[in-house]
>>> print(open('structure.tsv').read())   # TSV, C-alpha atoms
chain	number	residue	atom	x	y	z
R	1	MET	CA	-191.53	4.07	-53.29
R	2	GLY	CA	-189.67	5.67	-50.43
R	3	ASN	CA	-190.55	4.84	-46.84
R	4	ASP	CA	-192.55	8.02	-46.38
R	5	GLU	CA	-194.32	7.80	-49.70
R	6	LYS	CA	-198.05	7.09	-49.52
R	7	PRO	CA	-199.55	4.79	-52.14
R	8	LEU	CA	-201.89	6.24	-54.77
R	9	ILE	CA	-205.35	4.75	-54.90
R	10	TRP	CA	-207.38	5.50	-58.03
R	11	LEU	CA	-211.14	5.61	-57.59
R	12	GLY	CA	-213.68	4.93	-60.31
R	13	GLY	CA	-212.35	5.64	-63.78
R	14	SER	CA	-209.89	8.32	-62.65
R	15	ARG	CA	-206.78	6.45	-63.86
R	16	LYS	CA	-208.29	5.68	-67.27
R	17	ASP	CA	-209.51	9.28	-67.56
R	18	LEU	CA	-206.02	10.60	-66.81
R	19	ALA	CA	-204.48	8.20	-69.33
R	20	ALA	CA	-206.73	9.66	-72.05
R	21	MET	CA	-205.43	13.20	-71.48
R	22	PRO	CA	-202.60	14.85	-73.45
R	23	LYS	CA	-199.13	13.67	-72.36
R	24	ALA	CA	-198.12	17.12	-71.05
R	25	VAL	CA	-201.21	17.17	-68.80
R	26	GLN	CA	-200.52	13.61	-67.63
R	27	ARG	CA	-196.96	14.60	-66.68
R	28	GLU	CA	-198.07	17.67	-64.72
R	29	PHE	CA	-200.81	15.78	-62.85
R	30	GLY	CA	-198.45	12.87	-62.24
R	31	TYR	CA	-195.95	15.27	-60.70
R	32	ALA	CA	-198.66	16.85	-58.52
R	33	LEU	CA	-199.78	13.41	-57.31
R	34	HIS	CA	-196.18	12.38	-56.60
R	35	LEU	CA	-195.70	15.50	-54.48
R	36	ALA	CA	-198.89	14.64	-52.57
R	37	GLN	CA	-197.54	11.12	-51.97
R	38	ILE	CA	-194.40	12.49	-50.31
R	39	GLY	CA	-196.33	15.00	-48.21
R	40	SER	CA	-195.62	18.04	-50.35
R	41	ARG	CA	-197.91	20.17	-52.48
R	42	HIS	CA	-197.80	21.20	-56.12
R	43	ALA	CA	-197.56	24.98	-56.58
R	44	GLY	CA	-200.78	24.91	-58.58
R	45	ALA	CA	-202.77	22.74	-56.15
R	46	LYS	CA	-205.72	24.52	-54.58
R	47	VAL	CA	-208.24	23.41	-52.02
R	48	LEU	CA	-211.47	22.52	-53.80
R	49	ARG	CA	-214.27	24.47	-52.15
R	50	GLY	CA	-217.36	22.72	-50.88
R	51	PHE	CA	-215.65	19.97	-48.89
R	52	GLY	CA	-214.91	21.72	-45.62
R	53	SER	CA	-211.54	20.62	-44.31
R	54	ALA	CA	-211.57	17.26	-46.10
R	55	GLY	CA	-208.18	17.91	-47.70
R	56	VAL	CA	-209.64	17.76	-51.22
R	57	LEU	CA	-207.21	19.38	-53.65
R	58	GLU	CA	-207.46	20.24	-57.30
R	59	VAL	CA	-204.79	20.83	-59.92
R	60	VAL	CA	-205.84	22.63	-63.09
R	61	GLU	CA	-203.87	22.45	-66.32
R	62	ASP	CA	-204.66	24.23	-69.58
R	63	PHE	CA	-203.66	22.55	-72.82
R	64	ALA	CA	-204.49	23.92	-76.27
R	65	THR	CA	-208.00	25.33	-75.75
R	66	ASP	CA	-209.05	22.85	-73.07
R	67	THR	CA	-208.85	22.89	-69.29
R	68	TYR	CA	-208.13	19.68	-67.40
R	69	ARG	CA	-208.57	18.99	-63.71
R	70	ALA	CA	-207.33	16.35	-61.32
R	71	VAL	CA	-208.98	16.11	-57.91
R	72	TYR	CA	-207.49	14.12	-55.03
R	73	THR	CA	-207.57	13.94	-51.26
R	74	VAL	CA	-204.72	13.85	-48.77
R	75	ARG	CA	-207.14	13.60	-45.85
R	76	PHE	CA	-206.29	10.02	-44.95
R	77	ALA	CA	-202.99	8.95	-43.43
R	78	THR	CA	-202.65	5.71	-45.36
R	79	ALA	CA	-202.89	6.84	-49.01
R	80	VAL	CA	-203.53	9.59	-51.52
R	81	TYR	CA	-206.88	8.94	-53.18
R	82	VAL	CA	-207.38	10.19	-56.74
R	83	LEU	CA	-211.05	11.11	-56.88
R	84	HIS	CA	-211.60	12.43	-60.39
R	85	CYS	CA	-209.70	13.48	-63.53
R	86	PHE	CA	-211.68	15.31	-66.17
R	87	LYS	CA	-211.75	17.85	-68.94
R	88	LYS	CA	-213.84	20.83	-67.95
R	89	LYS	CA	-216.54	21.21	-70.57
R	90	SER	CA	-218.34	24.33	-69.41
R	91	THR	CA	-217.00	27.69	-70.48
R	92	ARG	CA	-219.24	29.49	-68.00
R	93	GLY	CA	-217.19	30.64	-65.04
R	94	ILE	CA	-214.59	28.66	-63.15
R	95	GLU	CA	-216.97	26.62	-61.01
R	96	THR	CA	-216.74	22.86	-61.13
R	97	PRO	CA	-219.95	21.54	-62.75
R	98	LYS	CA	-222.46	19.91	-60.40
R	99	PRO	CA	-222.25	16.39	-61.95
R	100	ASP	CA	-218.48	16.45	-61.37
R	101	MET	CA	-218.92	17.74	-57.80
R	102	ASP	CA	-221.46	14.97	-57.12
R	103	LEU	CA	-219.03	12.36	-58.45
R	104	ILE	CA	-216.19	13.80	-56.35
R	105	ARG	CA	-218.44	13.66	-53.24
R	106	LYS	CA	-219.36	10.04	-53.94
R	107	ARG	CA	-215.73	9.01	-54.47
R	108	LEU	CA	-214.66	10.88	-51.34
R	109	ASP	CA	-217.20	8.76	-49.43
R	110	ASP	CA	-215.70	5.66	-51.11
R	111	ALA	CA	-212.20	6.77	-50.06
R	112	LYS	CA	-213.38	7.28	-46.48
R	113	ARG	CA	-214.81	3.75	-46.39
R	114	LEU	CA	-211.62	2.30	-47.86
R	115	ALA	CA	-209.40	4.24	-45.45
R	116	GLU	CA	-211.44	3.21	-42.42
R	117	GLY	CA	-211.51	-0.39	-43.57
R	118	GLU	CA	-207.70	-0.65	-43.67
>>> encode(input="structure.tsv", output="structure tokens")
Amino acid sequence: MGNDEKPLIWLGGSRKDLAAMPKAVQREFGYALHLAQIGSRHAGAKVLRGFGSAGVLEVVEDFATDTYRAVYTVRFATAVYVLHCFKKKSTRGIETPKPDMDLIRKRLDDAKRLAEGE
């Protein structure tokens, strides 16, 4: 890790969930997270709506017929927190399903507690 590189902190099962994804998706998300660690931003990273200015970003990757998402926050100065990695199941619209949004909210709270406790 370079001097300016923030550590990655995986919350919940996000690391295990990413590891279960196709290798091409893992590579793309890994690259996006690396860019976040060095203060840059992946071309495909978008602000996830519903979190105000919490710095919650999402990278979406299509593989075969599935869509995968990685959600992380760069809000805290000390680390990049990976909040959730999942395969989007719903084919209705592009909205993130409520159970996933609830989980992201909970893990964002966890990240806030961890960041403030450092």
>>> residues_around(input="structure.tsv", residues="segment 4-21 of chain R", least_positions_apart="6", cutoff="9 Å", atoms="only C-alpha atoms", output="PDB file with C-alpha atoms, in the frame of the given file")
ATOM      1  CA  PHE R  29    -200.810  15.780 -62.850  1.00  0.00           C
ATOM      2  CA  LEU R  33    -199.780  13.410 -57.310  1.00  0.00           C
ATOM      3  CA  HIS R  34    -196.180  12.380 -56.600  1.00  0.00           C
ATOM      4  CA  ALA R  36    -198.890  14.640 -52.570  1.00  0.00           C
ATOM      5  CA  GLN R  37    -197.540  11.120 -51.970  1.00  0.00           C
ATOM      6  CA  ILE R  38    -194.400  12.490 -50.310  1.00  0.00           C
ATOM      7  CA  GLY R  39    -196.330  15.000 -48.210  1.00  0.00           C
ATOM      8  CA  TYR R  68    -208.130  19.680 -67.400  1.00  0.00           C
ATOM      9  CA  ALA R  70    -207.330  16.350 -61.320  1.00  0.00           C
ATOM     10  CA  ALA R  77    -202.990   8.950 -43.430  1.00  0.00           C
ATOM     11  CA  THR R  78    -202.650   5.710 -45.360  1.00  0.00           C
ATOM     12  CA  ALA R  79    -202.890   6.840 -49.010  1.00  0.00           C
ATOM     13  CA  VAL R  80    -203.530   9.590 -51.520  1.00  0.00           C
ATOM     14  CA  TYR R  81    -206.880   8.940 -53.180  1.00  0.00           C
ATOM     15  CA  VAL R  82    -207.380  10.190 -56.740  1.00  0.00           C
ATOM     16  CA  LEU R  83    -211.050  11.110 -56.880  1.00  0.00           C
ATOM     17  CA  HIS R  84    -211.600  12.430 -60.390  1.00  0.00           C
ATOM     18  CA  CYS R  85    -209.700  13.480 -63.530  1.00  0.00           C
ATOM     19  CA  PHE R  86    -211.680  15.310 -66.170  1.00  0.00           C
ATOM     20  CA  LYS R  87    -211.750  17.850 -68.940  1.00  0.00           C
ATOM     21  CA  ARG R 107    -215.730   9.010 -54.470  1.00  0.00           C
ATOM     22  CA  LEU R 108    -214.660  10.880 -51.340  1.00  0.00           C
ATOM     23  CA  ASP R 110    -215.700   5.660 -51.110  1.00  0.00           C
ATOM     24  CA  ALA R 111    -212.200   6.770 -50.060  1.00  0.00           C
TER      25      ALA R 111
END
>>> closest_residue(input="structure.tsv", among="R:Pro22, R:Leu114, R:Asp66, R:Gly50", to="Lys98 of chain R", atoms="all atoms listed in the file")
R:Gly50
>>> atom_distance(input="structure.tsv", atom1="atom CA of Thr67 of chain R", atom2="atom CA of Lys89 of chain R")
8.0 Å
>>> residues_around(input="structure.tsv", residues="Glu58 of chain R", least_positions_apart="4", cutoff="6 Å", atoms="all atoms listed in the file", output="VMD selection string")
chain R and resid 45 to 46 48 70 to 71
>>> write_last_selection(input="structure.tsv", atoms="C-alpha atoms", output="tab-separated table (two decimals), keeping the file's coordinate frame")
chain	number	residue	atom	x	y	z
R	45	ALA	CA	-202.77	22.74	-56.15
R	46	LYS	CA	-205.72	24.52	-54.58
R	48	LEU	CA	-211.47	22.52	-53.80
R	70	ALA	CA	-207.33	16.35	-61.32
R	71	VAL	CA	-208.98	16.11	-57.91
>>> closest_residue(input="structure.tsv", among="R:Val47, R:Pro97, R:Lys23, R:Glu116", to="Val74 of chain R", atoms="all atoms listed in the file")
R:Val47
>>> atom_distance(input="structure.tsv", atom1="atom CA of Ala43 of chain R", atom2="atom CA of Thr73 of chain R")
15.8 Å
>>> closest_residue(input="structure.tsv", among="R:Val25, R:Ala32, R:Ala64, R:Val56", to="Ile104 of chain R", atoms="only C-alpha atoms")
R:Val56
>>> atom_distance(input="structure.tsv", atom1="atom CA of Ser40 of chain R", atom2="atom CA of Arg27 of chain R")
16.7 Å
>>> decode(input="structure.tsv", residues="segment 10-108 of chain R", atoms="C-alpha atoms", output="mmCIF file, in the first residue's frame")
data_model
loop_
_atom_site.group_PDB
_atom_site.id
_atom_site.type_symbol
_atom_site.label_atom_id
_atom_site.label_comp_id
_atom_site.auth_asym_id
_atom_site.auth_seq_id
_atom_site.Cartn_x
_atom_site.Cartn_y
_atom_site.Cartn_z
ATOM 1 C CA TRP R 10 -15.144 -5.192 4.405
ATOM 2 C CA LEU R 11 -18.426 -5.125 6.302
ATOM 3 C CA GLY R 12 -20.691 -8.108 6.865
ATOM 4 C CA GLY R 13 -20.310 -10.767 4.196
ATOM 5 C CA SER R 14 -19.271 -8.336 1.452
ATOM 6 C CA ARG R 15 -15.837 -9.923 0.892
ATOM 7 C CA LYS R 16 -17.241 -13.464 0.743
ATOM 8 C CA ASP R 17 -20.029 -12.268 -1.564
ATOM 9 C CA LEU R 18 -17.494 -10.678 -3.924
ATOM 10 C CA ALA R 19 -15.358 -13.829 -3.890
ATOM 11 C CA ALA R 20 -18.370 -15.844 -5.106
ATOM 12 C CA MET R 21 -18.813 -13.657 -8.205
ATOM 13 C CA PRO R 22 -17.368 -14.411 -11.655
ATOM 14 C CA LYS R 23 -13.642 -13.611 -11.928
ATOM 15 C CA ALA R 24 -14.202 -10.830 -14.500
ATOM 16 C CA VAL R 25 -16.625 -9.102 -12.111
ATOM 17 C CA GLN R 26 -14.203 -9.547 -9.199
ATOM 18 C CA ARG R 27 -11.431 -7.912 -11.249
ATOM 19 C CA GLU R 28 -13.578 -4.933 -12.235
ATOM 20 C CA PHE R 29 -14.851 -4.354 -8.681
ATOM 21 C CA GLY R 30 -11.342 -4.844 -7.303
ATOM 22 C CA TYR R 31 -10.075 -2.169 -9.675
ATOM 23 C CA ALA R 32 -12.895 0.199 -8.674
ATOM 24 C CA LEU R 33 -12.109 -0.332 -4.970
ATOM 25 C CA HIS R 34 -8.388 0.208 -5.588
ATOM 26 C CA LEU R 35 -9.149 3.518 -7.307
ATOM 27 C CA ALA R 36 -11.278 4.531 -4.311
ATOM 28 C CA GLN R 37 -8.377 3.663 -1.994
ATOM 29 C CA ILE R 38 -6.059 6.050 -3.827
ATOM 30 C CA GLY R 39 -8.641 8.834 -3.936
ATOM 31 C CA SER R 40 -9.724 8.329 -7.531
ATOM 32 C CA ARG R 41 -13.000 7.124 -8.982
ATOM 33 C CA HIS R 42 -13.867 4.332 -11.388
ATOM 34 C CA ALA R 43 -15.478 5.597 -14.607
ATOM 35 C CA GLY R 44 -18.529 3.456 -13.879
ATOM 36 C CA ALA R 45 -18.927 4.487 -10.225
ATOM 37 C CA LYS R 46 -22.132 6.368 -9.519
ATOM 38 C CA VAL R 47 -23.486 7.922 -6.367
ATOM 39 C CA LEU R 48 -26.130 5.625 -4.910
ATOM 40 C CA ARG R 49 -29.268 7.673 -4.376
ATOM 41 C CA GLY R 50 -30.984 7.736 -1.018
ATOM 42 C CA PHE R 51 -27.944 8.482 1.141
ATOM 43 C CA GLY R 52 -27.684 12.243 0.849
ATOM 44 C CA SER R 53 -24.050 13.262 0.650
ATOM 45 C CA ALA R 54 -22.744 10.195 2.471
ATOM 46 C CA GLY R 55 -20.290 9.392 -0.320
ATOM 47 C CA VAL R 56 -21.959 6.032 -1.016
ATOM 48 C CA LEU R 57 -20.918 4.811 -4.458
ATOM 49 C CA GLU R 58 -22.014 1.892 -6.565
ATOM 50 C CA VAL R 59 -20.297 0.078 -9.412
ATOM 51 C CA VAL R 60 -22.473 -2.076 -11.652
ATOM 52 C CA GLU R 61 -21.094 -4.846 -13.838
ATOM 53 C CA ASP R 62 -23.042 -7.059 -16.226
ATOM 54 C CA PHE R 63 -21.815 -10.588 -16.801
ATOM 55 C CA ALA R 64 -23.631 -13.154 -18.938
ATOM 56 C CA THR R 65 -27.288 -12.423 -18.129
ATOM 57 C CA ASP R 66 -26.702 -11.215 -14.575
ATOM 58 C CA THR R 67 -26.042 -7.801 -13.077
ATOM 59 C CA TYR R 68 -23.665 -7.448 -10.143
ATOM 60 C CA ARG R 69 -23.241 -4.489 -7.832
ATOM 61 C CA ALA R 70 -20.606 -3.386 -5.365
ATOM 62 C CA VAL R 71 -21.487 -0.604 -2.930
ATOM 63 C CA TYR R 72 -18.885 1.245 -0.880
ATOM 64 C CA THR R 73 -18.372 4.529 0.910
ATOM 65 C CA VAL R 74 -15.515 7.000 0.693
ATOM 66 C CA ARG R 75 -17.122 9.264 3.294
ATOM 67 C CA PHE R 76 -14.589 8.581 6.022
ATOM 68 C CA ALA R 77 -11.003 9.809 5.922
ATOM 69 C CA THR R 78 -9.446 6.700 7.425
ATOM 70 C CA ALA R 79 -10.661 3.909 5.106
ATOM 71 C CA VAL R 80 -12.840 2.798 2.224
ATOM 72 C CA TYR R 81 -15.685 0.696 3.603
ATOM 73 C CA VAL R 82 -17.168 -1.985 1.356
ATOM 74 C CA LEU R 83 -20.829 -2.076 2.341
ATOM 75 C CA HIS R 84 -22.386 -4.692 0.072
ATOM 76 C CA CYS R 85 -21.627 -6.848 -2.979
ATOM 77 C CA PHE R 86 -24.567 -8.607 -4.573
ATOM 78 C CA LYS R 87 -26.180 -9.979 -7.682
ATOM 79 C CA LYS R 88 -29.269 -7.996 -8.550
ATOM 80 C CA LYS R 89 -32.147 -10.442 -8.685
ATOM 81 C CA SER R 90 -35.031 -8.223 -9.725
ATOM 82 C CA THR R 91 -35.567 -7.580 -13.400
ATOM 83 C CA ARG R 92 -38.040 -4.799 -12.655
ATOM 84 C CA GLY R 93 -36.399 -1.446 -13.245
ATOM 85 C CA ILE R 94 -32.953 -0.361 -12.146
ATOM 86 C CA GLU R 95 -33.801 0.426 -8.533
ATOM 87 C CA THR R 96 -31.856 -1.301 -5.810
ATOM 88 C CA PRO R 97 -34.251 -3.654 -3.964
ATOM 89 C CA LYS R 98 -35.380 -2.513 -0.513
ATOM 90 C CA PRO R 99 -33.758 -5.414 1.428
ATOM 91 C CA ASP R 100 -30.407 -4.491 -0.163
ATOM 92 C CA MET R 101 -30.929 -0.782 0.586
ATOM 93 C CA ASP R 102 -31.760 -1.639 4.219
ATOM 94 C CA LEU R 103 -28.593 -3.728 4.495
ATOM 95 C CA ILE R 104 -26.515 -0.938 2.936
ATOM 96 C CA ARG R 105 -27.999 1.558 5.447
ATOM 97 C CA LYS R 106 -27.204 -0.742 8.372
ATOM 98 C CA ARG R 107 -23.622 -1.307 7.207
ATOM 99 C CA LEU R 108 -23.148 2.420 6.599
#
